[in-house]
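Reviewing the structure listed below.
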Amino acid sequence: MLQRIAKEALSGLTVAIVALPLAIAFGITATGTSEGALVGLFGAIFAGFFAALFGGTPGQVTGPTGPITVVATGVIASHGLEGAFLAFIMAGAFQILFGLCRLGSLIRFIPHPVVSGFMGGIALIIILGELDQVEQSFLVVALTVGLMLGSARVIKSVPASLIALVLMTVILRFGESLLRDVRLGPVPLNETIDYIGKIPESIPTLSLPDADGSMFVTLLLPALAIALLGSIDSLLTSVVMDNITGSRHQSNKELIGQGIGNAMSGLFGGLASAGATVRSVVNVRSGGRTWISAATHSVILLVLVVGLGAAVQYIPLAVLSGILILTAIGMFDWEGLRKAHVSPKGDVAVMFVTMIVTVLVDLTVAVAAGVGLALALHAVQSRRAKASVAQDDTTTYSIEGPLSFLSVDRVFTTLRADHSDLSVSLKDVTYIDLSGTKALLTFIDHSHERGVTLGLRDLPPHVENQLVALADDSQRDKLKAVGVKA
């Protein structure tokens, strides 16, 4: 028991090191001031701790994320920090209500192309937001990105973002003059270098933002937008965690935990937050499997905050831009983009429509537009709404109908029974979309990891061809093992 707790605590320490530069960067981006460093850190501390304690996804780490930061930036610009903190509290209340009304279960009906397009759109927004800093301090941004890419290949035990943050801060502390007003002929490569500046060193205190009735009404829609976006962001991370661990999260409990976390973050002057995919994956791969590791990451950040102000003031803003840009690049679904030419054309259209609407219009509108288009395409492709699963005997199942985003959760939940041998007939699968293909490939992966002897039989050509086209190299070997001609 003590060994398990020690492993969880060590994982929490690893995640805290990863989260530190990201929390600072997202906080400053949202507020546009040095004060944002603390706002971002308080979000990771309080939302992270309470979401871990009350959430429904073991090991999931909560903190400031790209999608939440994009929305929070607009709320802070329009209503100031006090108004934004109230909006975060209200958003938390909405999320608790979503969980109590069991709306979390709807996440299973969001198509994979919508998720890919949404995350790609968020990545573009983050990159576009950093272009001013790139124009002003191109060399510093480029050196930061290069250092992160190089250190990630050589040093596996320390996060690349932390290495770049520390080394670039030290280098510029003593060699700043060499990088001021650098030009290549008439082209400026590095005009100037800006720093975070001094931030107040303080222990966070509970404070209810001042507001009257009209302020509540004014903030109703922004708070609802944050709640919807934070819920989608968090539950998508929960799905990623399920795919890695082979477990199954409790979506409605997760929403309640996220709501409590965001409400507490707003009360303590922190940024609204959501389940953070990269930090959660780092946690799991470092050995974190319970709420203890995620909560430990918040406690460690709180300890660091108390004496952080003196050191943070020397961090160049261009270094944070480099970290954010590389983080945003990692948010793209590169595998999906590489295989767009062999993916169903309708799903590719859904992905790009969602991405474009995310950048040009609004994040929540983009999700609605993507899901609406996916439903319309599904209606054109298949008259039957969902697939069904029929059991022939104890270990033989048959899937009938369209294997799409509307039915994959229910189908594979049924198939994930505790069998050592399993045979699945796909003869009557009339249509399979990208979500269905990805879910089937993931099911094959998990069956292999659990030691289940799985056999797929009677595959229609359109199903077999799509499985082979979208599988990666390791999955192709597993496809052969289950009876697919890969």
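So you can find residues: chains in the structure tokens are A, B, ... in the order shown, residues in each start at 1, and ligands are numbered from 1 in order.
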
Range 163-173 of chain A: which residues within 12 Å, counting only C-alpha atoms, same-chain residues fewer than 2 positions away excluded, as an MDAnalysis selection string? chainID A and resid 17:18 20:22 24:25 139:152 154:161 175:180 192:196 311:324 326

Running DSSP on the backbone, which parts of range 256-306 of chain A land in alpha helix (DSSP H), as a PyMOL selection string? chain A and resi 256-267+277-285+291-306

Can I get the selection written as a short mmCIF file (atom, residue, chain, number, x, y, z; two decimals), in the first residue's frame, with N, CA and C atoms?
```cif
data_model
loop_
_atom_site.label_atom_id
_atom_site.label_comp_id
_atom_site.auth_asym_id
_atom_site.auth_seq_id
_atom_site.Cartn_x
_atom_site.Cartn_y
_atom_site.Cartn_z
N ILE A 256 -19.18 16.56 -12.50
CA ILE A 256 -19.39 17.13 -11.16
C ILE A 256 -18.04 17.52 -10.56
N GLY A 257 -17.04 16.65 -10.71
CA GLY A 257 -15.71 16.97 -10.20
C GLY A 257 -15.11 18.19 -10.88
N GLN A 258 -15.27 18.28 -12.20
CA GLN A 258 -14.76 19.44 -12.93
C GLN A 258 -15.48 20.71 -12.49
N GLY A 259 -16.79 20.59 -12.24
CA GLY A 259 -17.55 21.76 -11.79
C GLY A 259 -17.09 22.25 -10.44
N ILE A 260 -16.89 21.33 -9.51
CA ILE A 260 -16.39 21.72 -8.19
C ILE A 260 -15.01 22.36 -8.32
N GLY A 261 -14.16 21.77 -9.18
CA GLY A 261 -12.82 22.31 -9.40
C GLY A 261 -12.84 23.72 -9.96
N ASN A 262 -13.67 23.98 -10.96
CA ASN A 262 -13.72 25.32 -11.55
C ASN A 262 -14.32 26.34 -10.60
N ALA A 263 -15.32 25.93 -9.82
CA ALA A 263 -15.90 26.84 -8.83
C ALA A 263 -14.86 27.23 -7.79
N MET A 264 -14.10 26.26 -7.32
CA MET A 264 -13.06 26.55 -6.33
C MET A 264 -11.93 27.38 -6.94
N SER A 265 -11.61 27.13 -8.20
CA SER A 265 -10.58 27.92 -8.88
C SER A 265 -11.00 29.38 -8.96
N GLY A 266 -12.26 29.63 -9.34
CA GLY A 266 -12.75 31.00 -9.40
C GLY A 266 -12.74 31.68 -8.04
N LEU A 267 -13.07 30.94 -7.01
CA LEU A 267 -13.09 31.50 -5.65
C LEU A 267 -11.69 31.86 -5.15
N THR A 277 -5.05 16.67 -21.62
CA THR A 277 -4.67 15.39 -22.22
C THR A 277 -3.19 15.06 -22.02
N VAL A 278 -2.31 16.01 -22.36
CA VAL A 278 -0.87 15.73 -22.28
C VAL A 278 -0.46 15.41 -20.85
N ARG A 279 -0.90 16.24 -19.90
CA ARG A 279 -0.54 16.01 -18.50
C ARG A 279 -1.13 14.70 -17.97
N SER A 280 -2.32 14.36 -18.40
CA SER A 280 -2.95 13.11 -17.96
C SER A 280 -2.19 11.90 -18.51
N VAL A 281 -1.79 11.98 -19.78
CA VAL A 281 -1.03 10.88 -20.38
C VAL A 281 0.32 10.72 -19.68
N VAL A 282 0.99 11.84 -19.38
CA VAL A 282 2.25 11.79 -18.64
C VAL A 282 2.05 11.12 -17.29
N ASN A 283 0.95 11.44 -16.64
CA ASN A 283 0.65 10.87 -15.33
C ASN A 283 0.51 9.35 -15.41
N VAL A 284 -0.28 8.88 -16.37
CA VAL A 284 -0.50 7.44 -16.51
C VAL A 284 0.81 6.72 -16.85
N ARG A 285 1.57 7.30 -17.78
CA ARG A 285 2.81 6.64 -18.19
C ARG A 285 3.89 6.70 -17.11
N TRP A 291 -6.60 9.13 -8.04
CA TRP A 291 -6.70 10.57 -7.77
C TRP A 291 -5.50 11.10 -7.00
N ILE A 292 -4.77 10.22 -6.33
CA ILE A 292 -3.66 10.67 -5.47
C ILE A 292 -2.59 11.38 -6.29
N SER A 293 -2.21 10.81 -7.44
CA SER A 293 -1.16 11.42 -8.26
C SER A 293 -1.61 12.77 -8.80
N ALA A 294 -2.86 12.86 -9.28
CA ALA A 294 -3.37 14.13 -9.82
C ALA A 294 -3.46 15.20 -8.74
N ALA A 295 -3.90 14.81 -7.55
CA ALA A 295 -3.99 15.76 -6.44
C ALA A 295 -2.60 16.17 -5.96
N THR A 296 -1.66 15.23 -5.97
CA THR A 296 -0.28 15.54 -5.55
C THR A 296 0.34 16.59 -6.46
N HIS A 297 0.05 16.51 -7.74
CA HIS A 297 0.59 17.50 -8.68
C HIS A 297 0.15 18.91 -8.28
N SER A 298 -1.08 19.06 -7.82
CA SER A 298 -1.58 20.37 -7.39
C SER A 298 -0.91 20.84 -6.10
N VAL A 299 -0.72 19.92 -5.17
CA VAL A 299 -0.08 20.27 -3.90
C VAL A 299 1.36 20.73 -4.14
N ILE A 300 2.07 20.04 -5.02
CA ILE A 300 3.46 20.42 -5.32
C ILE A 300 3.52 21.80 -5.97
N LEU A 301 2.57 22.08 -6.88
CA LEU A 301 2.52 23.41 -7.50
C LEU A 301 2.25 24.49 -6.46
N LEU A 302 1.40 24.20 -5.48
CA LEU A 302 1.13 25.17 -4.41
C LEU A 302 2.38 25.48 -3.62
N VAL A 303 3.17 24.46 -3.32
CA VAL A 303 4.44 24.66 -2.60
C VAL A 303 5.38 25.54 -3.42
N LEU A 304 5.43 25.30 -4.74
CA LEU A 304 6.31 26.08 -5.61
C LEU A 304 5.89 27.54 -5.71
N VAL A 305 4.57 27.78 -5.71
CA VAL A 305 4.04 29.14 -5.91
C VAL A 305 4.49 30.10 -4.83
N VAL A 306 4.61 29.61 -3.60
CA VAL A 306 4.90 30.49 -2.46
C VAL A 306 6.17 31.30 -2.68
#
```

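Closest approach to Ser207 in chain A among A:Ile89, A:Leu128, A:Ala72, A:Ala276: A:Ile89, based on only C-alpha atoms.
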
Could you give me, as an MDAnalysis selection string, the residues within 7 Å of Ile122 in chain A, counting only C-alpha atoms and dropping anything in the same chain fewer than 4 positions from it? chainID A and resid 66:67 118 126 358

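Nearest-residue note for Leu97 in chain A: choosing from A:Thr453, A:Ser474, A:Ser231, A:Asn465, the minimum distance belongs to A:Ser231, counting only C-alpha atoms.
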
Counting only C-alpha atoms, what is within 9 Å of Ile107 in chain A, bar same-chain residues fewer than 6 positions away, as a list in words? Ile232, Leu235, Leu236, Val239 and Ser251 of chain A

Considering only C-alpha atoms, return as a PyMOL selection string whatever protein or nucleic-acid residues lie within 9 Å of Lys253 in chain A, sequence-local ones (same chain, fewer than 2 positions apart) excluded. chain A and resi 54-57+96+99-100+102+104+249-251+255-258

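If only C-alpha atoms are the atoms counted, then among A:Thr354, A:Gln133, A:Thr73, A:Thr290 the closest residue to Val367 in chain A is A:Thr354.
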
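Put simply, CA of Gln381 in chain A is 7.3 Å away from CA of Tyr431 in chain A.
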
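Proximity of A:Gly455, A:Thr218, A:Gly270, A:Thr430 to Glu35 in chain A, computed with only C-alpha atoms, is greatest for A:Gly270.
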
Do a neighbour search on His448 in chain A at 12 Å with only C-alpha atoms, toss out local chain neighbours closer than 3 positions, and write the hits as a PyMOL selection string. chain A and resi 246+420-422+441-445+451-455+474-475+477-479+481-482

Please write the residues from the selection above to a file, keeping all heavy atoms, as a short mmCIF file (atom, residue, chain, number, x, y, z; two decimals), in the first residue's frame.
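This went into again_14.cif:
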```
data_model
loop_
_atom_site.label_atom_id
_atom_site.label_comp_id
_atom_site.auth_asym_id
_atom_site.auth_seq_id
_atom_site.Cartn_x
_atom_site.Cartn_y
_atom_site.Cartn_z
N GLY A 246 -7.53 1.09 -20.74
CA GLY A 246 -8.48 0.00 -20.94
C GLY A 246 -9.62 0.01 -19.93
O GLY A 246 -10.43 -0.91 -19.88
N SER A 420 -11.95 -15.08 -22.52
CA SER A 420 -10.58 -15.39 -22.95
C SER A 420 -10.55 -15.67 -24.45
O SER A 420 -9.50 -15.57 -25.08
CB SER A 420 -10.03 -16.59 -22.18
OG SER A 420 -10.89 -17.72 -22.37
N ASP A 421 -11.70 -16.03 -25.02
CA ASP A 421 -11.83 -16.26 -26.46
C ASP A 421 -13.09 -15.53 -26.95
O ASP A 421 -14.12 -15.57 -26.29
CB ASP A 421 -11.96 -17.75 -26.78
CG ASP A 421 -10.70 -18.52 -26.38
OD1 ASP A 421 -9.69 -18.36 -27.06
OD2 ASP A 421 -10.77 -19.24 -25.37
N LEU A 422 -12.96 -14.88 -28.10
CA LEU A 422 -14.08 -14.09 -28.60
C LEU A 422 -14.07 -14.10 -30.12
O LEU A 422 -13.04 -13.85 -30.75
CB LEU A 422 -13.98 -12.65 -28.08
CG LEU A 422 -15.12 -11.69 -28.38
CD1 LEU A 422 -16.40 -12.14 -27.69
CD2 LEU A 422 -14.76 -10.28 -27.91
N LEU A 441 -10.37 -0.73 -34.10
CA LEU A 441 -8.93 -0.89 -33.97
C LEU A 441 -8.49 -0.83 -32.51
O LEU A 441 -7.63 -1.60 -32.06
CB LEU A 441 -8.20 0.18 -34.79
CG LEU A 441 -8.25 0.03 -36.32
CD1 LEU A 441 -7.74 1.27 -37.01
CD2 LEU A 441 -7.46 -1.20 -36.77
N THR A 442 -9.10 0.09 -31.75
CA THR A 442 -8.78 0.20 -30.32
C THR A 442 -9.22 -1.06 -29.58
O THR A 442 -8.52 -1.54 -28.67
CB THR A 442 -9.48 1.44 -29.71
OG1 THR A 442 -9.02 2.62 -30.38
CG2 THR A 442 -9.19 1.56 -28.22
N PHE A 443 -10.37 -1.60 -29.94
CA PHE A 443 -10.87 -2.83 -29.32
C PHE A 443 -9.90 -3.99 -29.58
O PHE A 443 -9.62 -4.80 -28.69
CB PHE A 443 -12.26 -3.16 -29.87
CG PHE A 443 -12.83 -4.45 -29.35
CD1 PHE A 443 -13.18 -4.58 -28.02
CD2 PHE A 443 -12.98 -5.54 -30.20
CE1 PHE A 443 -13.71 -5.78 -27.54
CE2 PHE A 443 -13.51 -6.74 -29.73
CZ PHE A 443 -13.87 -6.85 -28.39
N ILE A 444 -9.36 -4.06 -30.80
CA ILE A 444 -8.38 -5.09 -31.12
C ILE A 444 -7.12 -4.92 -30.28
O ILE A 444 -6.55 -5.88 -29.75
CB ILE A 444 -8.04 -5.05 -32.63
CG1 ILE A 444 -9.27 -5.44 -33.46
CG2 ILE A 444 -6.86 -5.97 -32.96
CD1 ILE A 444 -9.12 -5.18 -34.95
N ASP A 445 -6.67 -3.65 -30.14
CA ASP A 445 -5.49 -3.36 -29.30
C ASP A 445 -5.70 -3.83 -27.86
O ASP A 445 -4.85 -4.50 -27.27
CB ASP A 445 -5.20 -1.86 -29.30
CG ASP A 445 -4.58 -1.38 -30.60
OD1 ASP A 445 -4.01 -2.22 -31.33
OD2 ASP A 445 -4.65 -0.18 -30.88
N GLY A 451 -4.83 -10.26 -23.40
CA GLY A 451 -4.62 -11.68 -23.65
C GLY A 451 -5.86 -12.38 -24.16
O GLY A 451 -5.97 -13.61 -24.06
N VAL A 452 -6.81 -11.63 -24.73
CA VAL A 452 -8.02 -12.23 -25.28
C VAL A 452 -7.75 -12.73 -26.70
O VAL A 452 -7.20 -12.00 -27.53
CB VAL A 452 -9.18 -11.20 -25.30
CG1 VAL A 452 -10.40 -11.78 -26.01
CG2 VAL A 452 -9.54 -10.77 -23.89
N THR A 453 -8.11 -13.98 -26.97
CA THR A 453 -7.98 -14.53 -28.32
C THR A 453 -9.19 -14.07 -29.13
O THR A 453 -10.31 -14.56 -28.95
CB THR A 453 -7.92 -16.07 -28.30
OG1 THR A 453 -6.83 -16.47 -27.47
CG2 THR A 453 -7.74 -16.62 -29.70
N LEU A 454 -8.97 -13.08 -29.99
CA LEU A 454 -10.06 -12.46 -30.75
C LEU A 454 -10.00 -12.90 -32.20
O LEU A 454 -8.93 -12.96 -32.81
CB LEU A 454 -9.94 -10.94 -30.66
CG LEU A 454 -10.90 -10.10 -31.51
CD1 LEU A 454 -12.34 -10.30 -31.05
CD2 LEU A 454 -10.51 -8.62 -31.45
N GLY A 455 -11.17 -13.20 -32.77
CA GLY A 455 -11.25 -13.51 -34.18
C GLY A 455 -12.34 -12.68 -34.85
O GLY A 455 -13.45 -12.59 -34.33
N SER A 474 1.89 -1.27 -36.12
CA SER A 474 1.70 -2.27 -35.07
C SER A 474 0.29 -2.87 -35.13
O SER A 474 0.09 -4.05 -34.85
CB SER A 474 1.94 -1.65 -33.69
OG SER A 474 0.96 -0.65 -33.40
N GLN A 475 -0.69 -2.06 -35.52
CA GLN A 475 -2.06 -2.55 -35.61
C GLN A 475 -2.23 -3.50 -36.79
O GLN A 475 -3.06 -4.41 -36.74
CB GLN A 475 -3.03 -1.37 -35.72
CG GLN A 475 -3.21 -0.61 -34.41
CD GLN A 475 -4.02 0.64 -34.58
OE1 GLN A 475 -4.03 1.27 -35.64
NE2 GLN A 475 -4.72 1.03 -33.53
N ASP A 477 -0.14 -5.77 -37.74
CA ASP A 477 0.26 -7.10 -37.26
C ASP A 477 -0.87 -7.74 -36.45
O ASP A 477 -1.13 -8.94 -36.57
CB ASP A 477 1.51 -7.00 -36.40
CG ASP A 477 2.73 -6.57 -37.21
OD1 ASP A 477 2.74 -6.82 -38.43
OD2 ASP A 477 3.66 -5.99 -36.64
N LYS A 478 -1.54 -6.93 -35.64
CA LYS A 478 -2.65 -7.44 -34.83
C LYS A 478 -3.85 -7.80 -35.72
O LYS A 478 -4.59 -8.74 -35.41
CB LYS A 478 -3.06 -6.41 -33.77
CG LYS A 478 -1.97 -6.16 -32.72
CD LYS A 478 -2.31 -4.97 -31.84
CE LYS A 478 -1.16 -4.61 -30.95
NZ LYS A 478 -1.39 -3.35 -30.19
N LEU A 479 -4.05 -7.05 -36.81
CA LEU A 479 -5.13 -7.36 -37.74
C LEU A 479 -4.93 -8.74 -38.35
O LEU A 479 -5.89 -9.52 -38.49
CB LEU A 479 -5.22 -6.30 -38.84
CG LEU A 479 -5.81 -4.94 -38.46
CD1 LEU A 479 -5.73 -3.97 -39.64
CD2 LEU A 479 -7.26 -5.07 -37.99
N ALA A 481 -3.45 -11.17 -36.97
CA ALA A 481 -3.67 -12.18 -35.92
C ALA A 481 -5.14 -12.46 -35.68
O ALA A 481 -5.51 -13.56 -35.25
CB ALA A 481 -3.01 -11.71 -34.62
N VAL A 482 -6.01 -11.47 -36.00
CA VAL A 482 -7.45 -11.68 -35.75
C VAL A 482 -8.20 -12.09 -37.02
O VAL A 482 -9.42 -12.20 -37.01
CB VAL A 482 -8.10 -10.42 -35.13
CG1 VAL A 482 -7.46 -10.07 -33.80
CG2 VAL A 482 -8.05 -9.22 -36.09
#
```

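Minimum atom-to-atom distance to Leu363 in chain A, evaluated using only C-alpha atoms, belongs to A:Gly230 out of A:Gly230, A:Ala93, A:Asp347, A:Val39.
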